[in-house]
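S.K.: Below is one structure. I have some questions about it.
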Amino acid sequence: MADVPKREVENVEFVFEVMGSPGEGIDAVDLGDALRALNLNPTLALIEKMGGTKKRNEKKIKMDEFLPIYSQVKKEKEQGCYEDFIECLKLYDKEENGHMMLAELQHALLSLGENLDDEQVETLFADCMDPEDDEGMIPYSQFIQRLMSDPVVFD
């Protein structure tokens with residue numbers, strides 16, 4: 001078994017119980033969701049590199065295959081933290097007052113990096129966003145705090 005502490009193995013077993021079927025493991029299309037359920041934040045590229053698929057029933061991942069993947073993803077350093085996200089959004093803060101245009105945030109989420117689709121952005125805004133003011137501005141630090149404290153789960 002990979003270098004995973006016993007407590008974390010129990011958490012992995014629980015995720016497998018919920019997401020998979022006994023003896024068969026989890027579908028490889030659910031690899032990213034399983035890792036996220038274990039408080040990891042893998043990129044889509046990393047999920048694909050680790051064996052995740054885009055179509056259901058192409059491949060199953062058993063517990064003994066998952067533990068080394070979990071261990072390796074846990075060691076990855078390509079995850080942003082609160083401060084990283086704030087620094088990024090400061091680029092859009094023209095008045096340097098902690099506010100940015102909602103439209104700019106929406107554009108960034110829809111078109112940059114691992115972009116989201118319209119429905120995902122709307123769900124994200126509904127769950128984590130204060131209403132924009134009369135000028136279309138939002139306080140981005142509160143958005144990031146809510147996003148990171150209570151992540152939105154997409155189907």
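Ligands are numbered from 1 in the order shown, chains are lettered A, B, ... in the order of the structure tokens, and residues start at 1 in each chain.
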Could you list, as a PyMOL selection string, every residue within 12 Å of segment 48-58 of chain A, counting only C-alpha atoms and ignoring same-chain residues fewer than 3 positions away?
M.R.: chain A and resi 20+24-35+42-45+61-62+65-73
S.K.: Could you take the residues named above and write them with N, CA, C and O atoms, as an mmCIF file, in the first residue's frame?
M.R.:
```cif
data_model
loop_
_atom_site.group_PDB
_atom_site.id
_atom_site.type_symbol
_atom_site.label_atom_id
_atom_site.label_comp_id
_atom_site.auth_asym_id
_atom_site.auth_seq_id
_atom_site.Cartn_x
_atom_site.Cartn_y
_atom_site.Cartn_z
ATOM 1 N N GLY A 20 -18.199 3.980 -5.567
ATOM 2 C CA GLY A 20 -17.924 2.789 -6.373
ATOM 3 C C GLY A 20 -18.850 1.646 -6.072
ATOM 4 O O GLY A 20 -19.896 1.810 -5.445
ATOM 5 N N GLU A 24 -15.266 -3.833 -7.527
ATOM 6 C CA GLU A 24 -14.967 -3.278 -8.853
ATOM 7 C C GLU A 24 -14.192 -1.973 -8.791
ATOM 8 O O GLU A 24 -13.515 -1.604 -9.734
ATOM 9 N N GLY A 25 -14.347 -1.209 -7.725
ATOM 10 C CA GLY A 25 -13.682 0.075 -7.617
ATOM 11 C C GLY A 25 -14.557 1.201 -8.134
ATOM 12 O O GLY A 25 -15.776 1.070 -8.233
ATOM 13 N N ILE A 26 -13.910 2.311 -8.465
ATOM 14 C CA ILE A 26 -14.645 3.464 -8.984
ATOM 15 C C ILE A 26 -14.383 3.610 -10.475
ATOM 16 O O ILE A 26 -13.345 3.183 -10.973
ATOM 17 N N ASP A 27 -15.317 4.201 -11.166
ATOM 18 C CA ASP A 27 -15.140 4.468 -12.579
ATOM 19 C C ASP A 27 -14.055 5.544 -12.735
ATOM 20 O O ASP A 27 -14.016 6.508 -11.971
ATOM 21 N N ALA A 28 -13.193 5.396 -13.718
ATOM 22 C CA ALA A 28 -12.085 6.335 -13.918
ATOM 23 C C ALA A 28 -12.575 7.747 -14.234
ATOM 24 O O ALA A 28 -11.856 8.716 -14.010
ATOM 25 N N VAL A 29 -13.797 7.868 -14.717
ATOM 26 C CA VAL A 29 -14.346 9.197 -14.987
ATOM 27 C C VAL A 29 -14.587 9.947 -13.672
ATOM 28 O O VAL A 29 -14.614 11.170 -13.644
ATOM 29 N N ASP A 30 -14.718 9.220 -12.558
ATOM 30 C CA ASP A 30 -14.951 9.814 -11.242
ATOM 31 C C ASP A 30 -13.668 10.034 -10.446
ATOM 32 O O ASP A 30 -13.737 10.401 -9.270
ATOM 33 N N LEU A 31 -12.523 9.816 -11.051
ATOM 34 C CA LEU A 31 -11.250 9.960 -10.341
ATOM 35 C C LEU A 31 -11.100 11.348 -9.733
ATOM 36 O O LEU A 31 -10.760 11.489 -8.557
ATOM 37 N N GLY A 32 -11.347 12.383 -10.517
ATOM 38 C CA GLY A 32 -11.223 13.756 -10.005
ATOM 39 C C GLY A 32 -12.171 14.023 -8.856
ATOM 40 O O GLY A 32 -11.793 14.634 -7.845
ATOM 41 N N ASP A 33 -13.412 13.564 -8.977
ATOM 42 C CA ASP A 33 -14.389 13.758 -7.899
ATOM 43 C C ASP A 33 -13.957 13.032 -6.630
ATOM 44 O O ASP A 33 -14.134 13.549 -5.529
ATOM 45 N N ALA A 34 -13.411 11.837 -6.777
ATOM 46 C CA ALA A 34 -12.948 11.078 -5.612
ATOM 47 C C ALA A 34 -11.799 11.814 -4.920
ATOM 48 O O ALA A 34 -11.770 11.929 -3.692
ATOM 49 N N LEU A 35 -10.866 12.335 -5.703
ATOM 50 C CA LEU A 35 -9.741 13.076 -5.129
ATOM 51 C C LEU A 35 -10.223 14.358 -4.449
ATOM 52 O O LEU A 35 -9.750 14.714 -3.365
ATOM 53 N N PRO A 42 -6.902 18.519 -7.646
ATOM 54 C CA PRO A 42 -6.119 18.229 -8.849
ATOM 55 C C PRO A 42 -6.623 19.011 -10.064
ATOM 56 O O PRO A 42 -7.810 19.296 -10.179
ATOM 57 N N THR A 43 -5.702 19.344 -10.949
ATOM 58 C CA THR A 43 -6.101 19.979 -12.206
ATOM 59 C C THR A 43 -6.649 18.906 -13.138
ATOM 60 O O THR A 43 -6.412 17.710 -12.938
ATOM 61 N N LEU A 44 -7.355 19.335 -14.161
ATOM 62 C CA LEU A 44 -7.891 18.386 -15.133
ATOM 63 C C LEU A 44 -6.759 17.635 -15.832
ATOM 64 O O LEU A 44 -6.871 16.443 -16.103
ATOM 65 N N ALA A 45 -5.665 18.349 -16.113
ATOM 66 C CA ALA A 45 -4.517 17.703 -16.760
ATOM 67 C C ALA A 45 -3.918 16.620 -15.863
ATOM 68 O O ALA A 45 -3.551 15.540 -16.336
ATOM 69 N N ILE A 61 -11.007 1.851 -11.504
ATOM 70 C CA ILE A 61 -9.813 2.010 -10.670
ATOM 71 C C ILE A 61 -10.109 1.368 -9.323
ATOM 72 O O ILE A 61 -11.029 1.770 -8.619
ATOM 73 N N LYS A 62 -9.316 0.357 -8.984
ATOM 74 C CA LYS A 62 -9.489 -0.342 -7.708
ATOM 75 C C LYS A 62 -8.724 0.397 -6.616
ATOM 76 O O LYS A 62 -7.863 1.234 -6.898
ATOM 77 N N GLU A 65 -4.973 0.529 -6.769
ATOM 78 C CA GLU A 65 -4.480 1.421 -7.826
ATOM 79 C C GLU A 65 -4.666 2.884 -7.430
ATOM 80 O O GLU A 65 -3.885 3.747 -7.821
ATOM 81 N N PHE A 66 -5.711 3.152 -6.657
ATOM 82 C CA PHE A 66 -6.047 4.527 -6.282
ATOM 83 C C PHE A 66 -5.094 5.096 -5.236
ATOM 84 O O PHE A 66 -4.748 6.271 -5.296
ATOM 85 N N LEU A 67 -4.683 4.285 -4.265
ATOM 86 C CA LEU A 67 -3.844 4.796 -3.173
ATOM 87 C C LEU A 67 -2.551 5.455 -3.659
ATOM 88 O O LEU A 67 -2.210 6.543 -3.188
ATOM 89 N N PRO A 68 -1.796 4.868 -4.611
ATOM 90 C CA PRO A 68 -0.610 5.573 -5.110
ATOM 91 C C PRO A 68 -0.968 6.874 -5.852
ATOM 92 O O PRO A 68 -0.237 7.859 -5.770
ATOM 93 N N ILE A 69 -2.099 6.874 -6.537
ATOM 94 C CA ILE A 69 -2.559 8.094 -7.224
ATOM 95 C C ILE A 69 -2.856 9.167 -6.177
ATOM 96 O O ILE A 69 -2.409 10.307 -6.290
ATOM 97 N N TYR A 70 -3.597 8.792 -5.142
ATOM 98 C CA TYR A 70 -3.929 9.707 -4.054
ATOM 99 C C TYR A 70 -2.652 10.276 -3.424
ATOM 100 O O TYR A 70 -2.527 11.480 -3.218
ATOM 101 N N SER A 71 -1.705 9.402 -3.138
ATOM 102 C CA SER A 71 -0.455 9.824 -2.515
ATOM 103 C C SER A 71 0.300 10.806 -3.396
ATOM 104 O O SER A 71 0.812 11.824 -2.922
ATOM 105 N N GLN A 72 0.356 10.528 -4.684
ATOM 106 C CA GLN A 72 1.088 11.393 -5.604
ATOM 107 C C GLN A 72 0.393 12.746 -5.769
ATOM 108 O O GLN A 72 1.047 13.786 -5.762
ATOM 109 N N VAL A 73 -0.922 12.744 -5.901
ATOM 110 C CA VAL A 73 -1.661 13.999 -6.055
ATOM 111 C C VAL A 73 -1.535 14.837 -4.783
ATOM 112 O O VAL A 73 -1.428 16.063 -4.853
#
```
S.K.: Which residues come within 6 Å of Gly136 of chain A, counting only C-alpha atoms, excluding same-chain residues fewer than 4 positions away, as an mmCIF file with N, CA and C atoms, in the first residue's frame?
M.R.:
```cif
data_model
loop_
_atom_site.group_PDB
_atom_site.id
_atom_site.type_symbol
_atom_site.label_atom_id
_atom_site.label_comp_id
_atom_site.auth_asym_id
_atom_site.auth_seq_id
_atom_site.Cartn_x
_atom_site.Cartn_y
_atom_site.Cartn_z
ATOM 1 N N MET A 101 -14.807 44.233 -11.544
ATOM 2 C CA MET A 101 -16.050 44.103 -12.293
ATOM 3 C C MET A 101 -16.471 42.632 -12.349
ATOM 4 N N LEU A 102 -17.728 42.383 -12.075
ATOM 5 C CA LEU A 102 -18.264 41.029 -12.137
ATOM 6 C C LEU A 102 -18.071 40.446 -13.532
ATOM 7 N N GLU A 132 -23.740 42.356 -7.336
ATOM 8 C CA GLU A 132 -22.872 43.431 -7.809
ATOM 9 C C GLU A 132 -23.504 44.775 -7.469
#
```
S.K.: Excluding Leu105 of chain A and its own-chain neighbours fewer than 5 positions away, which residues fall within 9 Å of it when counting only C-alpha atoms? Please give them as a list in words.
M.R.: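 The contact residues come out as Leu89, Tyr92, Met100, Leu110 and Tyr140 of chain A.
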S.K.: Save out the residues we just selected, C-alpha atoms, as a compact mmCIF listing (two decimals), in the first residue's frame.
M.R.:
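Final output, part25.txt:
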```
# COMPACT_ATOMS: atom_id res chain seq x y z
CA LEU A 89 -7.66 39.10 -9.00
CA TYR A 92 -8.44 43.40 -12.30
CA MET A 100 -13.46 44.24 -9.54
CA LEU A 110 -15.29 31.16 -18.76
CA TYR A 140 -13.47 39.71 -4.76
```
S.K.: If I take atom CA of Val4 of chain A and atom CA of Met148 of chain A, how far is one from the other in Å, to one decimal?
M.R.: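 Going from atom CA of Val4 of chain A over to atom CA of Met148 of chain A covers 24.7 Å.
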S.K.: What lies within 9 Å of Glu122 of chain A using only C-alpha atoms, ignoring chain neighbours under 5 positions off, as a PyMOL selection string?
M.R.: chain A and resi 106+117+127
S.K.: May I have the selected residues written with N, CA, C and O atoms, as a CSV table (one decimal), in the first residue's frame?
M.R.:
```
chain,number,residue,atom,x,y,z
A,106,GLN,N,-16.3,36.9,-14.5
A,106,GLN,CA,-17.1,35.9,-15.3
A,106,GLN,C,-16.3,35.6,-16.6
A,106,GLN,O,-16.2,34.4,-16.9
A,117,ASP,N,-18.1,26.2,-17.7
A,117,ASP,CA,-19.2,26.5,-18.6
A,117,ASP,C,-20.1,27.5,-18.0
A,117,ASP,O,-20.0,27.8,-16.8
A,127,ASP,N,-24.0,30.7,-5.3
A,127,ASP,CA,-23.6,30.2,-4.0
A,127,ASP,C,-22.5,31.1,-3.3
A,127,ASP,O,-22.5,31.0,-2.1
```
S.K.: Would you mind listing what lies within 8 Å of Pro139 of chain A as a PyMOL selection string, with only C-alpha atoms counted and same-chain residues fewer than 6 positions away left out?
M.R.: chain A and resi 98-100+130
S.K.: May I ask which of the residues A:Glu83, A:Val121, A:Glu104, A:Asn115 is the closest one to Ile138 of chain A, counting only C-alpha atoms?
M.R.: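 When distances to Ile138 of chain A are compared using only C-alpha atoms, the smallest one comes from A:Glu104.
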S.K.: Based on the backbone DSSP call, show me all residues of segment 31-115 of chain A assigned helix (DSSP H, G or I), as a PyMOL selection string.
M.R.: chain A and resi 31-37+44-49+63-75+82-90+102-111
S.K.: Restricting it to C-alpha atoms, dump the selection as a short mmCIF file (atom, residue, chain, number, x, y, z; two decimals), in the first residue's frame.
M.R.:
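Wrote result_33.cif, looks like this:
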```
data_model
loop_
_atom_site.label_atom_id
_atom_site.label_comp_id
_atom_site.auth_asym_id
_atom_site.auth_seq_id
_atom_site.Cartn_x
_atom_site.Cartn_y
_atom_site.Cartn_z
CA LEU A 31 -11.25 9.96 -10.34
CA GLY A 32 -11.22 13.76 -10.00
CA ASP A 33 -14.39 13.76 -7.90
CA ALA A 34 -12.95 11.08 -5.61
CA LEU A 35 -9.74 13.08 -5.13
CA ARG A 36 -11.72 16.27 -4.47
CA ALA A 37 -13.89 14.40 -1.94
CA LEU A 44 -7.89 18.39 -15.13
CA ALA A 45 -4.52 17.70 -16.76
CA LEU A 46 -3.28 15.91 -13.64
CA ILE A 47 -6.45 13.81 -13.45
CA GLU A 48 -5.97 12.75 -17.05
CA LYS A 49 -2.28 12.01 -16.42
CA MET A 63 -8.43 0.72 -4.24
CA ASP A 64 -4.87 -0.63 -4.61
CA GLU A 65 -4.48 1.42 -7.83
CA PHE A 66 -6.05 4.53 -6.28
CA LEU A 67 -3.84 4.80 -3.17
CA PRO A 68 -0.61 5.57 -5.11
CA ILE A 69 -2.56 8.09 -7.22
CA TYR A 70 -3.93 9.71 -4.05
CA SER A 71 -0.46 9.82 -2.52
CA GLN A 72 1.09 11.39 -5.60
CA VAL A 73 -1.66 14.00 -6.06
CA LYS A 74 -1.37 14.89 -2.37
CA LYS A 75 2.30 15.76 -2.95
CA TYR A 82 -6.15 32.13 -0.95
CA GLU A 83 -3.24 34.54 -1.30
CA ASP A 84 -2.47 33.32 -4.85
CA PHE A 85 -6.06 33.87 -5.96
CA ILE A 86 -6.21 37.33 -4.39
CA GLU A 87 -2.97 38.34 -6.13
CA CYS A 88 -4.41 37.18 -9.43
CA LEU A 89 -7.66 39.10 -9.00
CA LYS A 90 -5.79 42.24 -7.93
CA LEU A 102 -18.26 41.03 -12.14
CA ALA A 103 -18.11 40.80 -15.93
CA GLU A 104 -14.30 40.51 -15.82
CA LEU A 105 -14.46 37.70 -13.26
CA GLN A 106 -17.08 35.93 -15.34
CA HIS A 107 -14.93 36.28 -18.47
CA ALA A 108 -11.87 34.90 -16.65
CA LEU A 109 -13.79 31.88 -15.35
CA LEU A 110 -15.29 31.16 -18.76
CA SER A 111 -12.16 31.54 -20.86
#
```
S.K.: Please, which residues of chain A, numbered as in this document, come out strand (DSSP E) from DSSP, as a PyMOL selection string?
M.R.: chain A and resi 26-27+60-61+99-101+137-139
S.K.: Can those selected residues be exported to a file as a compact mmCIF listing (two decimals), in the first residue's frame so that it contains N, CA, C and O atoms?
M.R.:
```txt
# COMPACT_ATOMS: atom_id res chain seq x y z
N ILE A 26 -13.91 2.31 -8.47
CA ILE A 26 -14.65 3.46 -8.98
C ILE A 26 -14.38 3.61 -10.48
O ILE A 26 -13.34 3.18 -10.97
N ASP A 27 -15.32 4.20 -11.17
CA ASP A 27 -15.14 4.47 -12.58
C ASP A 27 -14.05 5.54 -12.74
O ASP A 27 -14.02 6.51 -11.97
N LYS A 60 -12.05 0.98 -14.80
CA LYS A 60 -12.31 1.02 -13.35
C LYS A 60 -10.99 1.15 -12.62
O LYS A 60 -9.97 0.63 -13.07
N ILE A 61 -11.01 1.85 -11.50
CA ILE A 61 -9.81 2.01 -10.67
C ILE A 61 -10.11 1.37 -9.32
O ILE A 61 -11.03 1.77 -8.62
N HIS A 99 -12.25 45.68 -5.11
CA HIS A 99 -13.41 45.40 -5.96
C HIS A 99 -12.97 45.24 -7.41
O HIS A 99 -12.00 45.85 -7.84
N MET A 100 -13.70 44.41 -8.11
CA MET A 100 -13.46 44.24 -9.54
C MET A 100 -14.81 44.11 -10.24
O MET A 100 -15.82 43.86 -9.59
N MET A 101 -14.81 44.23 -11.54
CA MET A 101 -16.05 44.10 -12.29
C MET A 101 -16.47 42.63 -12.35
O MET A 101 -15.65 41.76 -12.62
N MET A 137 -19.56 46.20 -9.88
CA MET A 137 -18.38 45.78 -9.13
C MET A 137 -18.77 44.81 -8.01
O MET A 137 -19.85 44.88 -7.46
N ILE A 138 -17.82 43.92 -7.67
CA ILE A 138 -18.01 42.98 -6.57
C ILE A 138 -16.74 42.95 -5.71
O ILE A 138 -15.64 43.18 -6.20
N PRO A 139 -16.89 42.66 -4.39
CA PRO A 139 -15.72 42.51 -3.53
C PRO A 139 -15.13 41.10 -3.72
O PRO A 139 -15.71 40.11 -3.29
```
S.K.: To one decimal in Å, tell me the separation between atom CA of Leu147 of chain A and atom CA of Leu124 of chain A.
M.R.: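 One can read the atom CA of Leu147 of chain A to atom CA of Leu124 of chain A distance as 8.0 Å.
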S.K.: Could you check how far atom CA of Phe125 of chain A sits from atom CA of Met19 of chain A, in Å to one decimal?
M.R.: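 Taking atom CA of Phe125 of chain A and atom CA of Met19 of chain A, their separation equals 27.1 Å.
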S.K.: Of the candidates A:Phe16, A:Cys81, A:Leu91, A:Lys6, which shows the shortest atom-to-atom distance to Gln145 of chain A, using only C-alpha atoms?
M.R.: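 Looking only at the distances to Gln145 of chain A, the closest residue turns out to be A:Cys81.
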